[in-house]
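Reproduced below: input11.cif, with mmCIF, C-alpha atoms.
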```cif
data_start
loop_
_atom_site.label_atom_id
_atom_site.label_comp_id
_atom_site.auth_asym_id
_atom_site.auth_seq_id
_atom_site.Cartn_x
_atom_site.Cartn_y
_atom_site.Cartn_z
CA MET V 1 -3.82 -18.85 -24.34
CA THR V 2 -5.47 -22.22 -24.83
CA GLY V 3 -8.55 -23.44 -23.02
CA ASN V 4 -8.54 -20.70 -20.39
CA ALA V 5 -11.75 -18.97 -19.59
CA VAL V 6 -13.07 -16.05 -17.65
CA LEU V 7 -14.80 -17.87 -14.81
CA ARG V 8 -16.09 -14.76 -13.11
CA GLU V 9 -16.05 -11.10 -14.03
CA VAL V 10 -17.05 -7.96 -12.17
CA THR V 11 -16.90 -4.45 -13.56
CA LEU V 12 -16.88 -1.37 -11.41
CA THR V 13 -16.98 2.35 -12.18
CA LEU V 14 -15.61 4.43 -9.35
CA PRO V 15 -16.03 8.17 -8.94
CA MET V 16 -12.78 9.86 -7.93
CA LEU V 17 -13.84 10.69 -4.39
CA PRO V 18 -12.05 10.29 -1.06
CA ASP V 19 -11.72 6.70 0.13
CA MET V 20 -13.40 5.19 -2.95
CA GLU V 21 -10.26 3.09 -3.32
CA VAL V 22 -11.49 1.17 -0.29
CA ALA V 23 -14.68 0.22 -2.19
CA ALA V 24 -12.52 -1.15 -5.01
CA SER V 25 -10.39 -3.07 -2.52
CA LYS V 26 -13.52 -4.75 -1.15
CA THR V 27 -14.44 -6.04 -4.61
CA ALA V 28 -10.88 -7.30 -5.06
CA THR V 29 -11.12 -9.07 -1.70
CA ALA V 30 -14.41 -10.74 -2.66
CA MET V 31 -12.95 -12.02 -5.95
CA ALA V 32 -9.75 -13.25 -4.30
CA GLU V 33 -11.76 -15.00 -1.57
CA TYR V 34 -13.88 -16.69 -4.25
CA MET V 35 -10.60 -18.03 -5.68
CA GLN V 36 -9.56 -19.23 -2.22
CA MET V 37 -6.36 -17.19 -2.19
CA THR V 38 -4.50 -17.19 1.11
CA PRO V 39 -5.28 -14.23 3.41
CA ASP V 40 -1.78 -12.78 2.87
CA ARG V 41 -2.13 -12.87 -0.91
CA ILE V 42 -5.61 -11.34 -0.64
CA ASP V 43 -4.14 -8.50 1.42
CA GLU V 44 -1.46 -7.94 -1.21
CA VAL V 45 -4.08 -7.70 -3.97
CA ARG V 46 -6.12 -5.32 -1.83
CA MET V 47 -3.15 -3.03 -1.24
CA ALA V 48 -2.18 -3.05 -4.93
CA VAL V 49 -5.74 -2.12 -5.92
CA ILE V 50 -5.72 0.75 -3.44
CA GLU V 51 -2.47 2.07 -4.93
CA ALA V 52 -3.70 1.73 -8.52
CA CYS V 53 -6.88 3.67 -7.68
CA ILE V 54 -4.99 6.38 -5.81
CA ASN V 55 -2.60 6.80 -8.76
CA ALA V 56 -5.57 7.32 -11.07
CA PHE V 57 -7.30 9.67 -8.61
CA GLU V 58 -4.20 11.79 -8.08
CA HIS V 59 -2.40 11.83 -11.39
CA SER V 60 -4.80 11.09 -14.25
CA HIS V 61 -6.63 14.44 -14.36
CA ALA V 62 -9.40 12.47 -16.09
CA PRO V 63 -12.13 14.84 -17.28
CA ASP V 64 -14.92 12.45 -16.26
CA ARG V 65 -13.36 11.94 -12.78
CA LYS V 66 -13.97 8.20 -12.97
CA VAL V 67 -11.96 5.00 -12.82
CA TYR V 68 -13.13 1.94 -14.76
CA MET V 69 -12.20 -1.39 -13.23
CA THR V 70 -12.56 -4.98 -14.35
CA PHE V 71 -11.90 -7.91 -12.06
CA GLU V 72 -11.57 -11.27 -13.83
CA VAL V 73 -11.01 -14.72 -12.41
CA LEU V 74 -9.32 -16.86 -15.06
CA GLY V 75 -8.66 -20.56 -15.27
CA LYS V 76 -9.18 -23.74 -17.22
CA VAL V 77 -11.56 -25.37 -14.76
CA GLU V 78 -10.56 -24.09 -11.35
CA PRO V 79 -9.74 -20.41 -10.62
CA GLU V 80 -6.04 -19.87 -11.28
CA LEU V 81 -5.44 -16.19 -11.82
CA LEU V 82 -7.01 -12.91 -10.75
CA ARG V 83 -6.57 -10.17 -13.36
CA ILE V 84 -7.52 -6.62 -12.47
CA SER V 85 -7.67 -3.78 -14.94
CA VAL V 86 -7.72 -0.16 -13.76
CA ARG V 87 -8.43 2.36 -16.53
CA ASP V 88 -8.78 6.11 -16.62
CA THR V 89 -9.37 8.56 -19.45
CA GLY V 90 -6.81 11.08 -18.23
CA ILE V 91 -3.66 12.70 -19.53
CA GLY V 92 -1.55 9.53 -19.49
CA PHE V 93 2.18 9.32 -18.85
CA VAL V 94 5.34 7.74 -20.21
CA ALA V 95 5.74 4.63 -18.07
CA GLY V 96 9.51 4.45 -18.64
CA GLY V 97 9.82 8.10 -17.69
CA VAL V 98 8.76 7.57 -14.08
CA GLU V 99 11.77 7.72 -11.80
CA LYS V 100 12.13 4.77 -9.45
CA PRO V 101 11.67 6.09 -5.91
CA ARG V 102 14.52 5.60 -3.45
CA ILE V 103 14.07 5.98 0.29
CA ALA V 104 17.44 7.73 0.75
CA SER V 105 16.53 10.51 -1.67
CA LYS V 106 12.90 10.69 -0.51
CA LEU V 107 14.08 11.34 3.05
CA LYS V 108 15.78 14.53 1.92
CA ALA V 109 13.18 15.53 -0.65
CA GLU V 110 10.23 17.87 -0.26
CA ASN V 111 8.04 15.40 -2.15
CA LYS V 112 8.05 12.06 -0.37
CA ARG V 113 5.38 10.51 -2.55
CA GLY V 114 5.51 8.61 -5.83
CA TRP V 115 5.59 5.04 -4.50
CA GLY V 116 2.40 3.65 -6.06
CA LEU V 117 3.81 1.76 -9.04
CA GLU V 118 6.74 0.45 -7.02
CA ILE V 119 4.35 -1.02 -4.45
CA ILE V 120 2.00 -2.49 -7.07
CA GLN V 121 4.92 -4.16 -8.85
CA GLY V 122 6.25 -5.52 -5.57
CA LEU V 123 2.94 -7.01 -4.49
CA MET V 124 1.50 -8.44 -7.71
CA ASP V 125 2.85 -11.28 -9.89
CA SER V 126 2.67 -9.24 -13.08
CA VAL V 127 1.89 -5.65 -13.98
CA GLU V 128 1.42 -4.14 -17.42
CA ILE V 129 0.91 -0.45 -18.08
CA ASP V 130 -0.58 0.96 -21.24
CA SER V 131 -0.47 4.73 -21.28
CA SER V 132 -0.04 7.50 -23.80
CA ALA V 133 -0.13 11.27 -23.69
CA GLY V 134 -3.78 12.29 -23.74
CA GLY V 135 -4.91 8.71 -24.23
CA GLY V 136 -5.50 7.69 -20.63
CA THR V 137 -3.87 4.90 -18.68
CA THR V 138 -4.70 1.26 -18.17
CA VAL V 139 -2.90 -0.76 -15.52
CA VAL V 140 -3.43 -4.52 -15.76
CA MET V 141 -2.18 -6.44 -12.77
CA SER V 142 -2.41 -10.15 -12.07
CA LYS V 143 -1.91 -12.50 -9.19
CA ARG V 144 -1.96 -16.28 -9.21
CA ARG V 145 -4.19 -18.12 -6.75
CA SER V 146 -1.16 -19.47 -4.93
CA ALA V 147 2.52 -18.68 -4.95
CA GLY V 148 3.28 -22.26 -5.96
CA ALA V 149 1.07 -22.17 -9.06
CA ASP V 150 2.83 -22.96 -12.31
CA SER V 151 4.18 -19.62 -13.51
CA ARG V 152 4.13 -20.86 -17.14
CA GLU V 153 0.39 -21.34 -16.77
CA ALA V 154 0.02 -17.87 -15.34
CA GLY V 155 2.08 -16.52 -18.22
CA GLU V 156 -0.31 -18.13 -20.69
CA LEU V 157 -3.15 -16.36 -18.97
CA ARG V 158 -1.64 -12.94 -19.43
CA ARG V 159 -2.80 -10.81 -22.31
CA MET A 1 -17.67 6.78 3.23
CA THR A 2 -14.70 7.88 5.30
CA GLU A 3 -12.34 5.43 6.88
CA SER A 4 -10.98 7.11 9.99
CA LEU A 5 -7.96 6.32 12.11
CA ARG A 6 -7.91 6.27 15.87
CA VAL A 7 -4.62 7.04 17.59
CA THR A 8 -3.85 6.47 21.25
CA VAL A 9 -0.63 7.06 23.15
CA ASP A 10 1.04 5.29 26.04
CA ARG A 11 3.72 7.56 27.54
CA GLN A 12 6.37 5.52 29.30
CA ASP A 13 9.63 6.42 30.95
CA GLY A 14 11.88 7.72 28.18
CA PHE A 15 9.72 6.68 25.26
CA ALA A 16 6.16 6.50 23.98
CA ILE A 17 4.06 3.92 22.19
CA VAL A 18 1.60 5.15 19.58
CA TYR A 19 -1.24 2.74 18.81
CA THR A 20 -3.18 3.04 15.57
CA GLU A 21 -6.55 1.60 14.74
CA GLY A 22 -7.90 1.88 11.21
CA TYR A 23 -6.80 3.00 7.76
CA ILE A 24 -3.54 4.92 7.44
CA ASN A 25 -4.35 7.18 4.50
CA ASN A 26 -3.45 10.87 4.20
CA GLN A 27 -5.68 11.95 7.11
CA GLY A 28 -4.53 8.97 9.19
CA GLY A 29 -0.89 9.71 8.45
CA GLU A 30 -1.35 13.34 9.39
CA GLU A 31 -2.95 12.36 12.69
CA ILE A 32 -0.02 10.05 13.50
CA ALA A 33 2.40 12.86 12.58
CA ARG A 34 0.54 15.35 14.77
CA VAL A 35 0.80 13.00 17.75
CA ALA A 36 4.43 12.11 17.00
CA TYR A 37 5.51 15.77 16.76
CA GLN A 38 3.72 16.51 20.02
CA LEU A 39 5.66 13.70 21.70
CA ILE A 40 8.90 15.01 20.21
CA ASP A 41 8.05 18.50 21.53
CA GLU A 42 7.62 16.93 24.96
CA GLY A 43 11.24 15.81 24.66
CA ARG A 44 10.72 12.16 23.71
CA LYS A 45 13.29 10.81 21.31
CA ILE A 46 12.15 7.20 21.15
CA LEU A 47 8.82 6.37 19.56
CA LEU A 48 7.21 3.03 18.81
CA LEU A 49 4.34 2.82 16.36
CA ASN A 50 2.26 -0.26 17.14
CA LEU A 51 0.19 -0.95 14.02
CA ASN A 52 -1.63 -3.97 15.42
CA GLY A 53 -4.99 -2.26 14.83
CA THR A 54 -4.18 -1.26 11.25
CA LYS A 55 -4.87 -3.71 8.46
CA ILE A 56 -4.77 -1.26 5.60
CA VAL A 57 -2.43 1.56 4.60
CA ASN A 58 -1.75 3.53 1.45
CA SER A 59 1.39 5.11 0.05
CA ILE A 60 0.25 8.64 0.91
CA GLY A 61 -0.07 7.65 4.56
CA ILE A 62 3.32 5.92 4.47
CA SER A 63 4.88 9.03 2.90
CA ILE A 64 3.83 10.93 6.01
CA LEU A 65 5.47 8.22 8.13
CA ILE A 66 8.65 8.89 6.13
CA GLU A 67 8.41 12.54 7.26
CA ILE A 68 8.36 11.31 10.86
CA ILE A 69 11.40 9.11 10.18
CA GLU A 70 13.18 12.16 8.74
CA LYS A 71 12.33 14.16 11.86
CA MET A 72 13.61 11.38 14.15
CA ILE A 73 16.91 11.26 12.23
CA GLU A 74 17.14 15.05 12.57
CA ILE A 75 16.83 14.92 16.38
CA ASP A 76 18.99 11.80 16.65
CA GLY A 77 16.04 9.81 17.91
CA LYS A 78 14.73 6.31 17.26
CA LEU A 79 11.52 5.22 15.57
CA GLY A 80 10.31 1.64 15.58
CA PHE A 81 7.31 -0.15 14.17
CA CYS A 82 5.74 -3.32 15.52
CA SER A 83 2.87 -5.74 14.93
CA LEU A 84 2.61 -5.12 11.19
CA THR A 85 0.49 -7.36 8.97
CA PRO A 86 2.67 -9.37 6.55
CA THR A 87 1.50 -7.16 3.67
CA ILE A 88 2.29 -3.91 5.46
CA ALA A 89 5.69 -5.35 6.44
CA LYS A 90 6.30 -6.34 2.81
CA THR A 91 5.28 -2.86 1.64
CA PHE A 92 7.69 -1.23 4.11
CA GLU A 93 10.37 -3.59 2.79
CA ILE A 94 9.61 -2.66 -0.84
CA MET A 95 9.93 1.02 0.10
CA GLY A 96 13.09 0.50 2.12
CA LEU A 97 11.72 1.86 5.39
CA SER A 98 13.50 -0.85 7.35
CA GLN A 99 16.82 0.83 6.49
CA TYR A 100 15.86 3.85 8.61
CA ALA A 101 13.34 2.54 11.15
CA GLN A 102 13.46 -0.68 13.11
CA ILE A 103 10.66 -3.16 12.52
CA PHE A 104 9.79 -5.65 15.27
CA PRO A 105 7.36 -8.56 15.25
CA ASP A 106 5.69 -7.53 18.52
CA GLU A 107 5.62 -4.88 21.21
CA THR A 108 7.68 -6.77 23.80
CA LEU A 109 10.58 -7.23 21.40
CA ALA A 110 10.22 -3.64 20.21
CA ILE A 111 10.44 -2.22 23.72
CA ALA A 112 13.49 -4.38 24.45
CA GLY A 113 15.10 -3.26 21.20
CA LEU A 114 14.33 0.44 21.45
CA ARG A 115 14.59 1.20 25.16
CA PRO A 116 17.86 2.87 26.09
CA SER A 117 20.10 0.57 28.10
CA ALA A 118 20.49 1.55 31.77
#
```
Have the structure of the file written as structure tokens, please.
Amino acid sequence: MTGNAVLREVTLTLPMLPDMEVAASKTATAMAEYMQMTPDRIDEVRMAVIEACINAFEHSHAPDRKVYMTFEVLGKVEPELLRISVRDTGIGFVAGGVEKPRIASKLKAENKRGWGLEIIQGLMDSVEIDSSAGGGTTVVMSKRRSAGADSREAGELRR
Amino acid sequence: MTESLRVTVDRQDGFAIVYTEGYINNQGGEEIARVAYQLIDEGRKILLLNLNGTKIVNSIGISILIEIIEKMIEIDGKLGFCSLTPTIAKTFEIMGLSQYAQIFPDETLAIAGLRPSA
């Protein structure tokens, strides 16, 4: 990562309360608008943030009942990438151990949920999950300012 | 801070259109399901969900929509969606909903596609 900088950073601590994911999505929207992302890409970021928060709310069992978020706009001179980190201090999980949801089996199943990660991965340009049993979970997801942006550049900006 | 969903229904000959306005989260999804099951109980087998007034959904809300799809399959009915934002349409695509429910760009095309032929 050469010459890239954090051009703008916002941190947010969310209590795990109903609809607080919407507050997080509003911060994501403000950051994406600052970067002049297209409305469709902003919507995708917003939806991914909602899903990441809901996953933490529902599955982390974090003792402090909080989610810690960092929103960073990265770039050399102009904003190029929005990186969002969603961290909890909960029980963690084995990322590879999560079964990929399939609509055909969900239709017959009692439990129709479990789509969060699938949606996040489908809407963002890159997603990294760091989780361990008892060690909490951090989801880092990124989206380039525009779909046409040089993916090599975006790759450089990843951690 | 609670984001609520408003649901209204237009009962037409042989089918019904359900309009949503607001956030489809768990409460929103449950409200749509309540209305949909009521329409099914009235004997309607064709439902159109017009999401023009919904700009934001979450996976819990969509999971409840999957329950409605399951019910429609069970009664040999038809469920369609129309007027989705590009992101909601993409999310439905990621989840594979389009394999079991028809998705239309607007209400006119949806009615033409869902209405039983005379």
- Message: the PyMOL selection byres ((chain V and resi 114) around 12) - which residues does that actually catch in the file I just gave you? List them as a ChimeraX atom specification.
- Response: /V:51-52,54-55,58-59,98-103,105-106,109-113,115-120 /A:58-63,95
Write out the residues from the selection above, keeping C-alpha atoms, as a tab-separated table (two decimals), in the coordinates of the input.
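Wrote out-v4.tsv, looks like this:
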```tsv
chain	number	residue	atom	x	y	z
V	51	GLU	CA	-2.47	2.07	-4.93
V	52	ALA	CA	-3.70	1.73	-8.52
V	54	ILE	CA	-4.99	6.38	-5.81
V	55	ASN	CA	-2.60	6.80	-8.76
V	58	GLU	CA	-4.20	11.79	-8.08
V	59	HIS	CA	-2.40	11.83	-11.39
V	98	VAL	CA	8.76	7.57	-14.08
V	99	GLU	CA	11.77	7.72	-11.80
V	100	LYS	CA	12.13	4.77	-9.45
V	101	PRO	CA	11.67	6.09	-5.91
V	102	ARG	CA	14.52	5.60	-3.45
V	103	ILE	CA	14.07	5.98	0.29
V	105	SER	CA	16.53	10.51	-1.67
V	106	LYS	CA	12.90	10.69	-0.51
V	109	ALA	CA	13.18	15.53	-0.65
V	110	GLU	CA	10.23	17.87	-0.26
V	111	ASN	CA	8.04	15.40	-2.15
V	112	LYS	CA	8.05	12.06	-0.37
V	113	ARG	CA	5.38	10.51	-2.55
V	115	TRP	CA	5.59	5.04	-4.50
V	116	GLY	CA	2.40	3.65	-6.06
V	117	LEU	CA	3.81	1.76	-9.04
V	118	GLU	CA	6.74	0.45	-7.02
V	119	ILE	CA	4.35	-1.02	-4.45
V	120	ILE	CA	2.00	-2.49	-7.07
A	58	ASN	CA	-1.75	3.53	1.45
A	59	SER	CA	1.39	5.11	0.05
A	60	ILE	CA	0.25	8.64	0.91
A	61	GLY	CA	-0.07	7.65	4.56
A	62	ILE	CA	3.32	5.92	4.47
A	63	SER	CA	4.88	9.03	2.90
A	95	MET	CA	9.93	1.02	0.10
```
- Query: From the list A:Ile75, A:Leu5, A:Val57, A:Ala101, which residue is nearest A:Gly28 when using all atoms listed in the file?
  - Reply: A:Leu5
- Up to 12 Å from chain V, what residues of chain A turn up? Count only C-alpha atoms and give them as a PyMOL selection string. chain A and resi 1-4+23-28+55-74+85-101
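Rounded to one decimal, atom CA of V:Lys76 and atom CA of V:Thr13 lie 27.7 Å from each other.
The spacing separating atom CA of V:Ile84 from atom CA of V:Gly148 amounts to 20.1 Å.
Atom pair atom CA of V:Val140 / atom CA of V:Met35 has a distance of 18.3 Å (rounded to one decimal).
With only C-alpha atoms as the atoms that count, the minimum distance from A:Glu31 to the choices A:Leu51, A:Phe15, A:Arg44, A:Thr8 is reached by A:Thr8.
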- Return as a list in words the set of residues that the PyMOL selection byres ((chain A and resi 6) around 6) yields on the displayed structure. Leu5, Val7, Thr20 and Glu21 of chain A
- Task: Would you list the contacts of A:Ile111 as a ChimeraX atom specification, taking every protein, DNA or RNA residue within 12 Å and counting only C-alpha atoms, but skipping same-chain residues closer than 2 positions in sequence?
- Result: /A:12-17,46-50,78-82,102-109,113-117
- On this file, the PyMOL selection byres ((chain V and resi 12) around 9) gives some set of residues; write that set as a PyMOL selection string. chain V and resi 10-11+13-14+24+27+67-71
- Item | For V:Leu74, the nearest of the candidates V:Val127, V:Gly134, V:Ala32, V:Lys26, counting all atoms listed in the file | V:Ala32
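The closest residue to V:Ser146, picked from V:Ser126, V:Thr38, V:Ser131, V:Thr89 and counting only C-alpha atoms, is V:Thr38.
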